[in-house]
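K.L.:
To be precise about what I am sending: the file is called final-v2.txt and holds compact mmCIF, C-alpha atoms.
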# COMPACT_ATOMS: atom_id res chain seq x y z
CA MET A 1 0.50 10.77 13.58
CA ASP A 2 1.89 14.26 13.32
CA VAL A 3 4.87 14.32 15.64
CA ALA A 4 7.56 16.09 13.64
CA GLY A 5 10.61 14.08 12.66
CA VAL A 6 9.23 10.72 13.77
CA THR A 7 9.38 7.65 11.53
CA PHE A 8 7.86 4.24 12.17
CA ARG A 9 8.69 0.60 11.54
CA ARG A 10 8.16 -2.88 12.91
CA ILE A 11 11.10 -4.53 14.62
CA ALA A 12 11.13 -8.34 14.70
CA LEU A 13 12.41 -9.69 18.02
CA PRO A 14 12.93 -13.36 18.89
CA GLU A 15 9.55 -13.62 20.66
CA LEU A 16 7.40 -11.08 18.79
CA SER A 17 7.37 -7.88 16.75
CA LEU A 18 7.13 -4.36 18.15
CA HIS A 19 5.88 -1.20 16.45
CA VAL A 20 8.49 1.49 17.07
CA ALA A 21 8.65 5.27 16.68
CA GLU A 22 12.12 6.66 15.95
CA ALA A 23 13.72 10.10 15.78
CA GLY A 24 17.12 11.74 16.07
CA PRO A 25 20.54 11.26 14.47
CA ASP A 26 21.71 7.73 13.68
CA ALA A 27 24.97 8.41 15.51
CA GLY A 28 23.22 9.82 18.59
CA ALA A 29 23.32 8.12 21.99
CA PRO A 30 20.67 5.34 21.88
CA THR A 31 17.75 6.24 24.14
CA ILE A 32 14.72 3.98 24.64
CA LEU A 33 11.49 5.50 25.99
CA LEU A 34 9.04 3.09 27.66
CA HIS A 35 5.42 4.23 28.04
CA GLY A 36 3.07 3.11 30.80
CA PHE A 37 -0.60 2.20 31.18
CA PRO A 38 -2.78 3.07 29.33
CA GLU A 39 -0.56 4.87 26.81
CA PHE A 40 1.52 3.85 23.77
CA TRP A 41 4.50 5.49 22.02
CA TYR A 42 2.41 8.67 21.63
CA GLY A 43 2.66 9.24 25.38
CA TRP A 44 6.15 10.63 24.67
CA ARG A 45 4.94 13.09 22.00
CA HIS A 46 6.26 16.09 24.00
CA GLN A 47 9.66 14.49 24.61
CA ILE A 48 10.67 12.83 21.34
CA GLY A 49 11.39 15.99 19.33
CA PRO A 50 13.39 17.86 21.99
CA LEU A 51 15.42 14.76 22.94
CA ALA A 52 16.19 14.10 19.26
CA ALA A 53 17.12 17.76 18.74
CA ALA A 54 19.56 17.42 21.65
CA GLY A 55 21.37 14.72 19.68
CA LEU A 56 19.86 11.56 21.17
CA ARG A 57 18.77 8.62 19.02
CA VAL A 58 15.25 8.10 20.32
CA ILE A 59 13.41 4.76 20.13
CA ALA A 60 9.85 4.69 21.52
CA PRO A 61 8.12 1.31 21.12
CA ASP A 62 4.54 0.32 21.69
CA GLN A 63 5.30 -2.29 24.34
CA ARG A 64 3.91 -5.81 23.93
CA GLY A 65 0.13 -5.89 24.23
CA TYR A 66 -0.19 -2.22 23.26
CA GLY A 67 -0.99 -0.21 20.14
CA LEU A 68 0.29 -1.76 16.94
CA SER A 69 2.74 -4.19 18.59
CA ASP A 70 2.10 -7.93 18.92
CA LYS A 71 -0.29 -9.02 21.66
CA PRO A 72 0.45 -12.53 22.96
CA ALA A 73 -2.60 -14.33 24.33
CA ASP A 74 -0.99 -16.20 27.24
CA LEU A 75 -0.69 -14.46 30.61
CA GLU A 76 2.89 -15.66 31.16
CA ALA A 77 3.95 -13.54 28.19
CA TYR A 78 3.48 -10.45 30.36
CA GLN A 79 5.77 -11.40 33.23
CA LEU A 80 8.31 -8.73 34.13
CA ASP A 81 11.24 -10.84 32.98
CA ARG A 82 9.67 -11.13 29.51
CA LEU A 83 8.88 -7.41 29.37
CA ALA A 84 12.45 -6.56 30.36
CA GLY A 85 13.70 -9.06 27.81
CA ASP A 86 11.92 -7.08 25.09
CA VAL A 87 14.04 -4.03 25.94
CA ILE A 88 17.29 -5.94 25.67
CA ALA A 89 16.11 -7.67 22.48
CA LEU A 90 15.18 -4.27 21.02
CA ALA A 91 18.66 -2.93 21.82
CA ASP A 92 20.16 -6.04 20.22
CA ALA A 93 18.02 -5.61 17.09
CA PHE A 94 19.39 -2.11 16.65
CA GLY A 95 22.95 -3.22 17.44
CA PHE A 96 23.18 -1.07 20.59
CA PRO A 97 25.59 -2.55 23.17
CA THR A 98 24.28 -0.08 25.76
CA VAL A 99 21.34 2.33 25.94
CA ARG A 100 19.96 5.16 28.00
CA LEU A 101 16.59 4.05 29.36
CA VAL A 102 13.57 6.20 30.30
CA GLY A 103 10.32 4.82 31.69
CA HIS A 104 7.03 6.18 33.00
CA ASP A 105 4.45 4.29 35.06
CA TRP A 106 4.52 0.64 33.91
CA GLY A 107 7.33 1.52 31.53
CA GLY A 108 9.20 2.69 34.61
CA LEU A 109 8.68 -0.64 36.36
CA VAL A 110 10.14 -2.39 33.32
CA ALA A 111 13.02 0.10 33.16
CA TRP A 112 13.85 -0.49 36.84
CA TRP A 113 13.80 -4.27 36.22
CA VAL A 114 16.11 -3.96 33.20
CA ALA A 115 18.56 -1.78 35.13
CA SER A 116 18.58 -4.22 38.06
CA HIS A 117 19.10 -7.34 35.95
CA TYR A 118 21.09 -6.05 32.94
CA PRO A 119 23.21 -3.25 34.46
CA ASP A 120 25.97 -3.69 31.88
CA ARG A 121 23.51 -2.78 29.11
CA ILE A 122 22.24 0.48 30.65
CA GLU A 123 24.25 3.71 30.60
CA ARG A 124 21.74 5.85 32.48
CA LEU A 125 18.25 5.35 33.88
CA ALA A 126 15.50 7.97 34.14
CA ILE A 127 12.20 7.15 35.85
CA LEU A 128 8.98 9.16 35.84
CA ASN A 129 6.50 8.32 38.63
CA ALA A 130 7.14 4.60 38.85
CA PRO A 131 8.41 2.55 41.80
CA HIS A 132 10.93 -0.25 41.60
CA PRO A 133 8.83 -3.45 41.52
CA GLY A 134 11.04 -5.01 44.16
CA ILE A 135 10.10 -2.49 46.87
CA VAL A 136 6.35 -2.23 46.26
CA GLY A 137 5.15 -5.22 48.30
CA ASP A 138 7.10 -4.25 51.43
CA TYR A 139 6.11 -0.59 51.05
CA MET A 140 2.41 -1.43 50.81
CA ARG A 141 2.57 -3.65 53.90
CA HIS A 142 3.90 -0.68 55.87
CA HIS A 143 1.72 1.99 54.18
CA PRO A 144 -1.92 0.88 54.02
CA GLY A 145 -2.82 4.15 52.31
CA GLN A 146 -0.93 2.98 49.24
CA MET A 147 -2.85 -0.29 49.35
CA LEU A 148 -6.09 1.70 49.15
CA ARG A 149 -4.77 3.72 46.21
CA SER A 150 -4.01 0.47 44.36
CA TYR A 151 -7.52 -1.00 44.68
CA TYR A 152 -8.02 -0.99 40.90
CA ILE A 153 -5.34 -3.65 40.47
CA GLY A 154 -7.68 -6.08 42.22
CA LEU A 155 -10.49 -5.18 39.83
CA PHE A 156 -8.19 -5.80 36.87
CA GLN A 157 -7.68 -9.42 37.98
CA LEU A 158 -11.26 -10.33 37.05
CA PRO A 159 -11.55 -12.15 33.72
CA GLY A 160 -13.37 -10.29 30.96
CA LEU A 161 -15.27 -7.71 33.03
CA PRO A 162 -12.54 -5.01 33.07
CA GLU A 163 -12.22 -5.27 29.28
CA ARG A 164 -15.95 -4.63 28.89
CA LEU A 165 -15.96 -1.75 31.36
CA LEU A 166 -12.93 -0.04 29.87
CA THR A 167 -13.94 -0.33 26.21
CA ALA A 168 -17.60 0.68 26.63
CA ASP A 169 -18.74 3.97 25.03
CA ARG A 170 -15.45 4.56 23.17
CA CYS A 171 -13.42 3.73 26.26
CA ARG A 172 -15.17 6.41 28.29
CA ALA A 173 -13.84 5.15 31.64
CA LEU A 174 -10.21 5.32 30.51
CA ARG A 175 -10.68 8.71 28.88
CA ARG A 176 -12.18 9.98 32.11
CA ALA A 177 -9.38 8.41 34.17
CA LEU A 178 -6.78 10.35 32.21
CA THR A 179 -8.58 13.69 32.40
CA THR A 180 -9.62 13.48 36.06
CA THR A 181 -6.19 12.45 37.41
CA SER A 182 -4.24 15.06 35.42
CA ARG A 183 -4.04 18.84 35.30
CA PRO A 184 -6.74 20.39 33.08
CA GLY A 185 -5.59 20.49 29.46
CA ALA A 186 -2.92 17.80 29.81
CA PHE A 187 -4.86 15.56 27.42
CA ALA A 188 -6.57 17.34 24.53
CA ALA A 189 -9.64 15.84 22.87
CA ALA A 190 -7.58 15.03 19.77
CA ASP A 191 -5.03 13.21 21.95
CA LEU A 192 -7.77 11.15 23.56
CA ASP A 193 -9.07 10.17 20.12
CA ARG A 194 -5.65 8.71 19.35
CA TYR A 195 -5.60 6.81 22.60
CA VAL A 196 -9.05 5.37 21.85
CA GLU A 197 -7.78 4.19 18.46
CA ALA A 198 -4.88 2.40 20.18
CA TRP A 199 -7.09 0.91 22.93
CA ARG A 200 -9.53 -0.48 20.35
CA GLN A 201 -6.89 -2.42 18.43
CA PRO A 202 -7.80 -6.14 18.42
CA GLY A 203 -6.59 -7.74 21.65
CA ALA A 204 -5.13 -4.52 23.04
CA MET A 205 -7.26 -4.08 26.15
CA THR A 206 -6.65 -7.66 27.28
CA GLY A 207 -2.95 -7.32 26.55
CA MET A 208 -2.76 -4.08 28.55
CA LEU A 209 -4.61 -5.59 31.53
CA ASN A 210 -2.49 -8.75 31.42
CA TRP A 211 0.47 -6.68 32.63
CA TYR A 212 -1.40 -6.25 35.93
CA ARG A 213 -2.61 -9.84 36.01
CA ALA A 214 0.92 -11.15 35.63
CA LEU A 215 2.32 -8.68 38.19
CA VAL A 216 0.43 -10.18 41.13
CA ARG A 217 2.18 -13.48 40.38
CA LEU A 218 5.64 -11.90 40.74
CA PRO A 219 7.57 -13.94 43.34
CA ARG A 220 8.75 -11.96 46.34
CA ALA A 221 12.49 -11.54 46.38
CA LYS A 222 14.96 -8.94 47.56
CA PRO A 223 15.59 -6.68 44.55
CA PRO A 224 19.16 -6.38 43.30
CA ARG A 225 20.58 -2.92 43.82
CA VAL A 226 20.48 -0.49 40.92
CA ARG A 227 24.10 0.24 40.02
CA VAL A 228 23.58 2.60 37.08
CA PRO A 229 23.25 6.41 37.42
CA THR A 230 19.57 7.07 38.06
CA LEU A 231 17.33 10.14 37.93
CA ILE A 232 13.81 9.89 39.39
CA LEU A 233 11.32 12.57 38.29
CA TRP A 234 8.23 12.54 40.49
CA GLY A 235 5.01 14.55 40.45
CA ARG A 236 3.91 14.93 44.07
CA ARG A 237 0.21 15.21 43.15
CA ASP A 238 0.07 11.63 41.85
CA THR A 239 -3.30 10.20 42.99
CA ALA A 240 -2.23 6.56 42.46
CA LEU A 241 1.32 6.45 43.84
CA GLN A 242 2.58 7.91 47.12
CA ALA A 243 5.78 9.95 47.04
CA GLY A 244 7.29 7.53 49.56
CA LEU A 245 7.59 4.99 46.76
CA ALA A 246 10.12 7.28 45.09
CA GLU A 247 12.18 7.47 48.27
CA ALA A 248 12.01 3.71 48.84
CA SER A 249 13.16 3.16 45.25
CA LEU A 250 16.01 5.65 45.63
CA ALA A 251 17.19 3.72 48.70
CA ILE A 252 18.23 0.75 46.52
CA CYS A 253 20.16 2.94 44.05
CA ASP A 254 23.95 3.25 44.28
CA GLU A 255 23.97 6.57 42.42
CA GLY A 256 20.58 8.27 42.23
CA ARG A 257 18.62 11.42 43.00
CA ILE A 258 15.01 12.61 42.95
CA ARG A 259 13.73 15.72 41.21
CA TRP A 260 10.37 16.62 42.73
CA TYR A 261 7.62 18.31 40.73
CA ASP A 262 5.41 19.86 43.39
CA ARG A 263 2.57 20.89 41.05
CA ALA A 264 2.59 17.87 38.74
CA SER A 265 0.53 14.70 38.96
CA HIS A 266 1.25 11.20 37.71
CA TRP A 267 1.25 12.65 34.17
CA LEU A 268 4.16 15.05 34.61
CA ALA A 269 5.54 14.51 31.09
CA HIS A 270 2.27 15.94 29.73
CA GLU A 271 1.83 18.66 32.37
CA GLU A 272 5.41 19.95 32.63
CA PRO A 273 6.95 19.00 29.26
CA ALA A 274 9.49 21.83 29.07
CA ALA A 275 10.88 21.15 32.55
CA VAL A 276 10.83 17.36 32.08
CA ASN A 277 12.62 17.70 28.74
CA ALA A 278 15.26 19.97 30.24
CA ASP A 279 15.86 17.55 33.11
CA LEU A 280 16.07 14.56 30.78
CA ILE A 281 18.40 16.28 28.33
CA ALA A 282 20.72 17.47 31.11
CA PHE A 283 20.88 13.93 32.48
CA LEU A 284 20.93 11.88 29.29
CA ALA A 285 22.83 14.02 26.77
When written as structure tokens, how does the structure in this file appear?

P.N.:
Amino acid sequence: MDVAGVTFRRIALPELSLHVAEAGPDAGAPTILLHGFPEFWYGWRHQIGPLAAAGLRVIAPDQRGYGLSDKPADLEAYQLDRLAGDVIALADAFGFPTVRLVGHDWGGLVAWWVASHYPDRIERLAILNAPHPGIVGDYMRHHPGQMLRSYYIGLFQLPGLPERLLTADRCRALRRALTTTSRPGAFAAADLDRYVEAWRQPGAMTGMLNWYRALVRLPRAKPPRVRVPTLILWGRRDTALQAGLAEASLAICDEGRIRWYDRASHWLAHEEPAAVNADLIAFLA
């Protein structure tokens, strides 16, 4: 895929293998980018080049269940602890004692979890439109409007049916979800073709949905505070996530701030790439 300066390889971890996109100088500060649903490494196509040019060593995996990475069949394989463990195992595989971590959507939930549970391994944390998993349950109990916005998570719990709905007609429902919840032009037709190719990999749709199926089994517990320096980038026009989730997440950070994007939606990295890249570079490099 034609993202300049990017190379690819498979990285064998103790539990599975991940397909990884890499760019930037070998001696640069290690920076791991975690995509969300329903993307894959290509969701960072606007960020990888500029971050690498700023001197960062960029690692963007297809997370487990996605794209060309391994797709375990058992639901327990998609628990947050296992997803977070992949990030630490990836850092170990590269020999990175610490990393800068960036996550969007589901990748943001994983990034929050890593920062909470492995603070000594994370130099800096940047989050794009993703709440800390530990605050979501309490927030939704106090904000029924967010519960309504999250209705689709209930649909995803059904066995088999969501896979059929989301893969029908070249994944028409997912293509439409991306284009109707984002600013016009954020996802070009050629980009959507690449997403369809990733979604139609054997086992991918079930793997992607299993993240949601495992999430509802997450035991309720008070989240550990986030001790690492944290930057939250948040598009206020997100149709799935209320802005209050950003503020509730910030409240459990020792050293954090929010940068609001008033005109951006959930897909701010695609809609405001220049501004997002500038904010990330200023914070990470």

K.L.:
Rank A:Ala248, A:Ala115, A:Ala282, A:Ile48 by their smallest atom-to-atom distance to Asp138 of chain A, using all atoms listed in the file, and report the top residue only.

P.N.:
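So, comparing all the options, the nearest one is A:Ala248.
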
K.L.:
Enumerate, as a PyMOL selection string, the protein, DNA and RNA residues whose atoms approach (-5.5, -1.9, 23.6) to within 9 Å, taking into account all atoms listed in the file and the coordinate frame of the file.

P.N.:
chain A and resi 38-39+65-68+167+195-209

K.L.:
Contacts of segment 91-99 of chain A at 6 Å or less, counting only C-alpha atoms, minus same-chain residues fewer than 2 places along, as a list in words?

P.N.:
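The residues satisfying every condition are Pro30, Thr31, Ile88, Ala89, Arg121, Ile122 and Glu123 of chain A.
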
K.L.:
When distances are computed from all atoms listed in the file, which of A:Pro273, A:Gly235, A:Gly43, A:Pro159 shows the smallest separation from Ala130 of chain A?

P.N.:
A:Gly235

K.L.:
Name the closest residue to Asp105 of chain A among the candidates A:Leu250, A:Leu241, A:Ala275, A:Ala189; distances are taken between atoms, counting only C-alpha atoms.

P.N.:
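Under the stated criterion, the closest residue is A:Leu241.
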
K.L.:
Could you state the separation of atom CA of Ala240 of chain A and atom CA of Val3 of chain A in Å, given to one decimal place?

P.N.:
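Computing the Euclidean distance for atom CA of Ala240 of chain A and atom CA of Val3 of chain A yields 28.8 Å.
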
K.L.:
Could you state the separation of atom CA of Leu80 of chain A and atom CA of Trp113 of chain A in Å, given to one decimal place?

P.N.:
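If I compute the distance from atom CA of Leu80 of chain A to atom CA of Trp113 of chain A, I get 7.4 Å.
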
K.L.:
Of the candidates A:Ala111, A:Val87, A:Leu125, A:Val216, which shows the shortest atom-to-atom distance to Gly137 of chain A, using all atoms listed in the file?

P.N.:
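Closest candidate: A:Val216.
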
K.L.:
So which one's closest to Arg124 of chain A, A:Thr180, A:Gln157, A:Asn210, A:Thr230? Using only C-alpha atoms, please.

P.N.:
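Ranking A:Thr180, A:Gln157, A:Asn210, A:Thr230 by distance to Arg124 of chain A, first place goes to A:Thr230.
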
K.L.:
At what distance in Å, to one decimal, does atom CA of Ile32 of chain A lie from atom CA of Leu16 of chain A?

P.N.:
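The value is 17.7 Å.
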
K.L.:
Let me make sure I understand: among A:Leu128, A:Leu161, A:Ala214, A:Leu155, which one has the smallest atom-to-atom distance to Ser249 of chain A if we use only C-alpha atoms?

P.N.:
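Counting only C-alpha atoms, the residue closest to Ser249 of chain A is A:Leu128.
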
K.L.:
Write out as a ChimeraX atom specification which residues come within 10 Å of Leu218 of chain A when counting all atoms listed in the file, dropping same-chain ones fewer than 5 positions away.

P.N.:
/A:79-81,133-134,213
